[in-house]
Structures are given as C-alpha cells and as structure tokens.
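Asker: Have a look at this one before I ask anything.
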Amino acid sequence: MNEFVAPEIDWMVLTPVLVVLGAGAVGVLVEAFVPARARRTTQLVLTLAALLASLVCVGLLWDRVTIDGFALVVDGTFLLTPFTLGVQAVVGVLAILGVLVIADRTRTGQDAFAPTAAAVPGTAYEDAAERAGLEQTEIFPLALFATGGMLLFPATDNLIVLFIALEVLSLPLYVLCATARRRRLLSQEAAFKYFLLGSFASALMLFGIALIYGFAGTVSLETVGYVLQHPNSTVLADMPELVLAGVLLVTVGLLFKIGAAPFHTWTPDVYQGAPTPVTAFMAACVKAAAIGAMVRVVFTLAAGLDEPLRADLEAALWVVAILTMLVGTVAGAVQTDVKRMLAYSSIAHAGFLVVAMVGFSEVGSAAVLFYVLAYGLATLGAFAVVTLVREQDRDGVVLGEATHLSQWAGLGRRSPWLAAAFSVFLLSMAGIPLTAGFIAKFEAFSAAVDAGAWPLAVLGVLASAVAVFFYVRLIVLMVLTPPVEDGEVLAAQAASDDGAPAEGGAGTLTAAREAVRASVVVVSSRGPAVVAITLCVVGVVLLGLLPGPVLDWAQQAATFRPIAP
Amino acid sequence: MELTNYLYLAVILFALGATTVLLRRNAIVVFMGIELMLNATNLALVTFARMHGDITGQVLAFFVMVVAAAEVVVGLAIIVTIFRARRSASVDDANLLKS
C-alpha cells in the first residue's frame with residue numbers, strides 16, 4: 001500500500017480566503033452559542049474584522065506576488081497572480097462597504113431583513129416573531145461565505161475549484177435574496193428565479209468543464225493551454241470542437257454571473273426583489289469577482305487557442321458586448337422603478353466590461369480592474385441611498401422603500417445631501433468627466449481601440465450617451481421637480497402591486513393598501529449606511545480627480561503568469 | 001462496448017435535463033431537470049476519466065455530487081417557502097416582478 005503523503009501547503013498564500021471562510025464558520029457557531037442580545041454586535045464585529053484582516057493579508061502578499069509573478073499552492077489548485085490579488089482587494093473593499101449597508105438599521109431598530117425568513121408572510125407566526133424582536137443575524141455569516149467564494153473565484157487555475165467557488169459564492173446569495181423584511185413575496189420570488197436560473201447556468205458551466213476535461217485530460221487551465229498548442233498529446237486532442245464548445249459553455253456560466261446579455265434576464269427581477277442591502281452587495285461584489293474569474297479563464301484559454309478558434313471566441317465576445325450594452329441602455333431608459341433602473345444600468349456596465357476584454361490584452365485587464373472598482377463604488381452607494389428613501393404612513397411608521405421613480409421627485413429639497421450623493425453616483429455611472437466612471441470608461445474603450453475593436457468602442461460611447469439621458473432625467477426629477485402631494489402618485493403604484501395574492505400582515509406583503517396612504521420620507525439611520533455612502537462618494541470623486549495611483553496599481557496588477565512552455 | 005456510447009448517452013441525458021428546465025412549469029420538475037443535467041455531466045466525466053486513464057474526472061464527479069446535495073438543500077428550502085406562501089410551485093405563477 002502506498003502511504004498517504006500530505007501535500008505541503010503554503011498557508012500564507014491562502015490567508016485572504018481562509019480568514020473570511022473561517023470567520024463565516026465561526027459566525028455559524030456564534031449563532032448557536034452567543035446569547036441573542038449580544039449576537040448582532042458580535043457578528044458585525046466578527047464580519048468587519050475578518051474582511052479587514054483579509055484585505056491586510058492581500059496587502060502583505062502584494063510585494064511577494066508582484067515580484068515572483070505568482071504564488072501557487074497544491075500545484076496550481078490555488079494560484080495567486082497580481083491580477084487575482086487586485087480583484088481580491090476590490091472585492092474586499094466593496095464587501096466591507098456592502099456589510100456596512102447590510103448592518104444599517106432605522107432609529108426604531110428595524111433592519112432590512114425579516115425577523116424570521118421561514119415564517120409565511122402575513123401569518124400570526126410572523127407577527128409574533130416581529131413582536132418578540134427576533135433578528136436574522138445569520139445574514140452576516142452568509143455574506144462572509146459568499147465573499148469567501150468571491151475571493152476564491154478568480155484565484156484558481158483549476159476548473160474543479162472554479163466550479164466549487166462559483167457554488168460557494170452563489171448558494172448563500174440565493175438564501176440572502178429571500179430574506180427581505182417587506183415585500184416578502186417579491187423577495188421570495190427573486191430568490192426562486194435566481195436559484196433556478198443560477199443552477200441552470202452552473203449546470204451548463206459544469207458540462208463545459210467536463211468537455212474541456214475530455215479534450216485535455218486535465219482540469220488545470222494552464223495545461224489545457226499547453227495541450228491546445230500541442231495537438232496529439234492526449235487521446236481526444238484531435239477534436240478541438242470539444243474544447244470550443246467547452247470554453248463557450250464555461251463562458252456562458254460566467255456571463256450569467258456578471259449579468260451580460262443574453263443571460264441577463266434574471267438581473268432586473270432579482271435586483272428588484274432582493275432586500276436592497278443584499279442587492280448592493282450582490283451588484284458590486286459578485287460582478288467584480290465574476291469578471292475577474294472570466295478574465296482569468298478566457299485570457300488563459302485564448303492564449304492557447306489557434307487563430308481561427310480564437311477569432312470565434314472573440315466574435316462571441318463582440319456579440320455579447322453589443323447585445324449587453326444595447327439591452328442595458330434601451331431597457332434601462334424606460335424603467336419606472338429605481339432598483340430596476342439601476343439593475344439595467346448594471347447590465348450596461350457588464351457590456352462595457354466585456355468591451356474591455358476583447359483583445360485579451362494586459363491593457364484590457366488593467367481597465368477591467370479599474371472599471372469594477374469605479375462601478376462597484378457607484379452602484380453600492382446608489383443602492384445604499386435607495387435603502388434610506390422610505391415610505392411612511394399617516395402615523396409616522398416607516399414602511400418599505402419608495403422605489404417608484406415618481407416618489408423621488410423633489411428629493412433634492414427634502415434631503416439635499418442625499419440627493420447630491422445620489423447624483424454623484426449617477427454621474428459616475430453615466431461617465432461624466434471628473435468622476436471615476438469617466439476614467440473607467442476611457443480606459444475600457446481605449447483598451448478596445450488598442451485591440452483593433454474600434455467599432456465596439458464607438459458603440460460603447462453611443463450607449464453611454466443614451467444612458468446619460470436616463471441618469472440625468474433622474475437627477476432633474478430629484479432636483480427640479482417639486483415633490484408630489486402625498487398619496488397621489490402612489491395610487492398608480494398600488495394598482496401595479498395589486499397582482500399580489502392574499503393581503504394583510506403588517507405591510508410585509510406588497511404593501512398595496514398602505515402605499516395609497518404613504519408619503520415619502522428619508523429615514524435617518526443609525527449610521528453605517530451613511531458611512532458607506534460617504535466613503536463611496538469620496539472614492540468616486542477621488543478616483544475621478546486623481547486616478548493616477550490607482551491606475552498605476554491596476555497596471556501593476558494586470559499581469560498574468562506566462563504560460564509554461 | 002465503445003466508450004463513446006456513454007458520451008452519447010451523457011449528451012442525450014443532458015439535453016433532456018435542459019429541455020425539462022426550459023419547458024416544464026412545476027418548480028420541482030424544473031429542479032429535477034437541473035439534477036439530471038448534473039448527473040449527465042457526472043457520466044461524461046467518468047467516461048472521459050476512463051478514456052484518459054486518470055482519476056481527476058472521477059474526483060470531479062464526487063465534488064459535483066456534494067455540490068448537488070448542497071444545492072438541493074437551498075433549492076428545496078426556497079421552493080417550499082414559495083409554496084407555503086402562495087400554495088403553488090408553478091414557475092408561471094411567480095410573476096409579481098415585472099416592469
């Protein structure tokens with residue numbers, strides 16, 4: 001019998017992921033052992049500490065990885081490149097901001113999550129849970145597990161680990177989507193759609209992995225690249241169609257996660273239905289992690305593909321980029337719900353990200369890194385603002401979010417600072433100069449022009465121009481339009497909510513009846529969300545005014561380990 | 001028996017699963033379609049592993065089984081919550097979220 005030989009593991013390299021996943025596991029134990037009143041504080045401190053520690057680990061590893069070019073554990077199963085560290089840093093920063101938004105509560109101590117998500121909406125059990133002051137603090141470990149998956153996602157050269165990371169990232173998010181305190185039917189429906197479509201996409205991706213494995217006899221991306229360049233080195237290596245189909249299916253799985261057309265249909269529904277803090281977290285962090293993984297996978301494989309197959313892959317990216325920009329901007333322009341509008345804007349941004357990828361160059365990956373940071377800050381901030389704009393009934397009880405666009409009229413007079421912050425985020429998304437979005441778009445489009453894809457860059461600029469229209473329309477609505485008298489507009493919205501079966505239950509359903517009487521109010525929160533919004537504004541403006549250091553950093557990070565001969 | 005026959009079977013099963021997901025209305029049946037796709041992939045993986053004479057494919061199949069189990073836990077929980085709230089697990093009935 002052979003003895004089992006334990007592999008030598010360089011634990012230091014694993015720390016950014018290990019700290020976060022470990023803290024997630026500790027968080028589960030906290031749920032079991034810490035008394036209920038201390039649980040929330042414990043979880044929050046644990047979560048933020050773990051995310052900060054993970055960022056510190058990324059910083060500590062930075063010098064070593066940029067000098068060596070890479071650091072690998074267990075034969076490339078876990079592979080850190082400077083680019084991976086860059087994505088991990090971006091995800092880490094955005095996750096901290098996201099957790100701040102998730103932790104936010106109103107003055108009355110209500111967070112955005114159901115007292116117990118398992119209770120059927122509108123039942124006595126739900127009311128009892130609410131009166132008992134139950135809290136679903138499992139939100140924090142779930143967010144940590146999702147973040148752990150996101151940190152692992154772009155950090156592997158191994159298709160098995162890629163798949164596992166995808167699932168570790170997705171499964172907690174499916175659960176998080178179903179936990180909203182208000183409009184619970186919508187929230188559950190969002191989770192339902194996200195889950196079914198998400199697992200369909202990951203099944204497609206898995207079959208792609210199987211095909212690639214069948215072609216190359218290995219699940220290591222790098223070796224697959226090697227086999228591609230040396231046909232006849234494996235049994236099935238004379239069938240490049242196998243690998244093309246495989247690469248396309250894997251790409252479909254990744255495109256689904258970044259929400260690119262034609263795999264975007266889940267995005268508006270899920271972003272609208274999920275609790276807004278979760279939407280903020282999801283929109284910013286998942287996109288960063290998934291585009292990071294996609295750059296890793298597609299660039300590594302493209303380097304191995306021969307000219308015609310590479311052209312096929314590039315053509316596929318062209319189609320996706322054009323479709324995504326088109327769908328995002330055109331459909332975004334006709335939305336009447338803030339969350340849906342932001343969702344379509346995030347689809348359009350996925351298109352711009354794919355534009356930067358065409359050409360498979362280092363310039364492109366640097367542009368992608370900067371773009372996800374700029375996009376993430378603006379999107380997270382915007383959704384954080386949405387969490388604060390609420391409906392209020394006659395008795396002054398704060399209800400759910402006022403997401404209908406007409407309810408945002410005159411917000412600038414009611415709460416100038418909040419409206420100003422929201423305007424900064426919208427302007428950055430539109431790509432107006434002096435904001436982060438402008439630099440990001442400039443970098444992305446110049447990467448495309450460098451790669452000879454100028455028609456894509458032109459289309460991108462046109463799409464941005466159309467998008468400016470609907471961002472500015474919202475700003476005009478907030479600043480120039482006088483606020484509407486209470487109740488008028490809401491009748492229209494209530495009518496659209498009437499589709500909900502079974503009413504009742506303290507406004508936890510779609511709140512159709514309450515909405516008629518509700519007015520719009522900006523809630524003063526207990527702070528974390530305001531901190532997150534402030535940090536996002538500072539980030540967006542700083543990146544727009546002084547992009548130099550971060551651009552240099554992105555350039556430095558944008559290197560891959562060259563494929564071994 | 002020719003090994004490629006197993007691959008054909010895997011592809012047929014995968015296509016059946018995908019068709020189920022796209023055409024059936026009951027969430028549980030849709031979910032079964034997804035499971036069928038995963039298991040078809042497992043068959044393809046072990047066949048490829050046999051062709052290449054290495055065990056990576058078999059190991060991957062184990063991982064897929066574990067992930068499928070985790071997915072069932074989360075998936076059924078979500079479907080059951082939806083069913084309890086609306087007395088229906090039809091994909092078509094979940095239509096509140098529309099522009």
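Ordered as shown in the structure tokens, chains take letters A, B, and onward, while each chain numbers its residues from 1 and ligands are numbered from 1 in the order shown.
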Find the residues near Leu97 (chain B): any atom within 8 Å, counting only C-alpha atoms, skip ones fewer than 3 places away on the same chain, and give them as a VMD selection string.

Answerer: (chain A and resid 186 189 to 190 269 272 to 273) or (chain B and resid 94)

Asker: Selection from above, C-alpha atoms, as a compact mmCIF listing (two decimals), in the first residue's frame, can you write it?

Answerer:
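Written file, result-v6.txt:
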# COMPACT_ATOMS: atom_id res chain seq x y z
CA LEU A 186 -41.28 39.69 -4.19
CA GLU A 189 -39.83 35.22 -5.91
CA ALA A 190 -36.46 36.84 -6.60
CA ASP A 269 -36.07 40.76 -11.20
CA GLN A 272 -35.60 44.49 -7.57
CA GLY A 273 -36.93 41.73 -5.35
CA ALA B 94 -44.20 33.64 -9.84

Asker: Can you list, as a ChimeraX atom specification, all residues belonging to chain B that DSSP tags as alpha helix (DSSP H)?

Answerer: /B:4-23,27-52,56-86

Asker: My list of candidates is A:Ala23, A:Ile291, A:Met429, A:Leu159. Which is closest to chain B when distances are computed with only C-alpha atoms?

Answerer: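 Closest candidate: A:Leu159.
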
Asker: Which residues come within 10 Å of region 3-19 of chain B, counting only C-alpha atoms, excluding same-chain residues fewer than 5 positions away, as a VMD selection string?

Answerer: (chain A and resid 200 203 to 204 207) or (chain B and resid 24 29 to 48 50 to 51)

Asker: As a compact mmCIF listing (two decimals) with C-alpha atoms, in the first residue's frame, list the residues of region 514-545 of chain A assigned to strand (DSSP E or B) by DSSP on the backbone atoms of this structure.

Answerer:
# COMPACT_ATOMS: atom_id res chain seq x y z
CA SER A 519 -45.79 59.62 1.95
CA VAL A 520 -42.11 59.59 1.17
CA VAL A 521 -39.56 60.19 3.87
CA VAL A 522 -35.80 59.97 4.15
CA SER A 525 -30.44 55.62 10.02

Asker: Just to confirm, what's the straight-line distance from CA of Leu474 (chain A) to CA of Ser428 (chain A) in Å (one decimal)?

Answerer: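 Taking CA of Leu474 (chain A) as the start and CA of Ser428 (chain A) as the end point, the length is 13.6 Å.
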
Asker: Would you mind telling me which residue in A:Thr218, A:Thr336, A:Asn232, A:Thr379 lies nearest to Gly53 (chain B) when using only C-alpha atoms?

Answerer: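 Under the stated criterion, the closest residue is A:Thr218.
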
Asker: What does the structure give for the distance between CA of Val334 (chain A) and CA of Phe470 (chain A), in Å to one decimal?

Answerer: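 Between these atoms lies a distance of 8.4 Å.
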
Asker: Mind checking which residues fall within 10 Å of Lys441 (chain A), counting only C-alpha atoms, ignoring those fewer than 6 positions away in the same chain, and posting them as an NGL selection string?

Answerer: :A and (349 or 352-353 or 355-356 or 367-368 or 370-371 or 374-375 or 428-432 or 447 or 457 or 460-461 or 464)

Asker: Restricting the calculation to only C-alpha atoms, which member of A:Leu51, A:Ala95, A:Val58, A:Val161 is positioned closest to chain B?

Answerer: A:Val161

Asker: For Tyr174 (chain A), work out the shell of residues within 7 Å, counting only C-alpha atoms and skipping chain neighbours fewer than 5 positions away, then give it as a ChimeraX atom specification.

Answerer: /A:191,194-195

Asker: Hey, which of A:Leu309, A:Ala421, A:Val338, A:Val327 ends up closest to chain B? Count only C-alpha atoms.

Answerer: A:Val338

Asker: Find the spatial neighbours of Ala366 (chain A), counting only C-alpha atoms, within a cut-off of 7 Å - ignore same-chain residues fewer than 4 positions away - and output them as JSON, numbers by chain.

Answerer: {"A": [362, 370, 554, 555, 558]}

Asker: Find the residues around region 382-391 of chain A up to 7 Å (only C-alpha atoms counted), leave out those fewer than 4 positions away in its own chain, and share them as JSON, numbers by chain.

Answerer: {"A": [101, 276, 277, 280, 378, 398, 399, 400, 401, 402, 418, 422, 425, 518, 519, 520, 521, 522, 523, 529, 533]}

Asker: Could you dump the residues just selected with C-alpha atoms as a PDB file, in the first residue's frame?

Answerer:
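New file result-v8.pdb:
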ATOM      1  CA  VAL A 101     -25.148  48.810   4.303  1.00  0.00           C
ATOM      2  CA  THR A 276     -31.790  46.387  -1.122  1.00  0.00           C
ATOM      3  CA  PRO A 277     -28.628  45.981   1.009  1.00  0.00           C
ATOM      4  CA  ALA A 280     -25.987  46.461  -3.249  1.00  0.00           C
ATOM      5  CA  ALA A 378     -21.043  53.985  -7.548  1.00  0.00           C
ATOM      6  CA  VAL A 398     -41.693  53.882   8.336  1.00  0.00           C
ATOM      7  CA  LEU A 399     -42.609  51.326   5.671  1.00  0.00           C
ATOM      8  CA  GLY A 400     -40.679  49.841   2.783  1.00  0.00           C
ATOM      9  CA  GLU A 401     -38.523  51.627   0.258  1.00  0.00           C
ATOM     10  CA  ALA A 402     -40.085  54.192  -2.065  1.00  0.00           C
ATOM     11  CA  LEU A 418     -28.553  62.508  -0.017  1.00  0.00           C
ATOM     12  CA  PHE A 422     -27.032  60.007  -5.450  1.00  0.00           C
ATOM     13  CA  PHE A 425     -23.164  58.116  -8.281  1.00  0.00           C
ATOM     14  CA  ALA A 518     -47.997  56.591   2.326  1.00  0.00           C
ATOM     15  CA  SER A 519     -45.790  59.615   1.954  1.00  0.00           C
ATOM     16  CA  VAL A 520     -42.105  59.589   1.170  1.00  0.00           C
ATOM     17  CA  VAL A 521     -39.564  60.185   3.871  1.00  0.00           C
ATOM     18  CA  VAL A 522     -35.801  59.969   4.146  1.00  0.00           C
ATOM     19  CA  VAL A 523     -35.091  57.902   7.214  1.00  0.00           C
ATOM     20  CA  ALA A 529     -25.243  53.202   5.620  1.00  0.00           C
ATOM     21  CA  ILE A 533     -22.440  56.333   1.203  1.00  0.00           C
TER      22      ILE A 533
END

Asker: Mind pulling up the distance from CA of Phe281 (chain A) to CA of Leu380 (chain A)?

Answerer: 6.8 Å
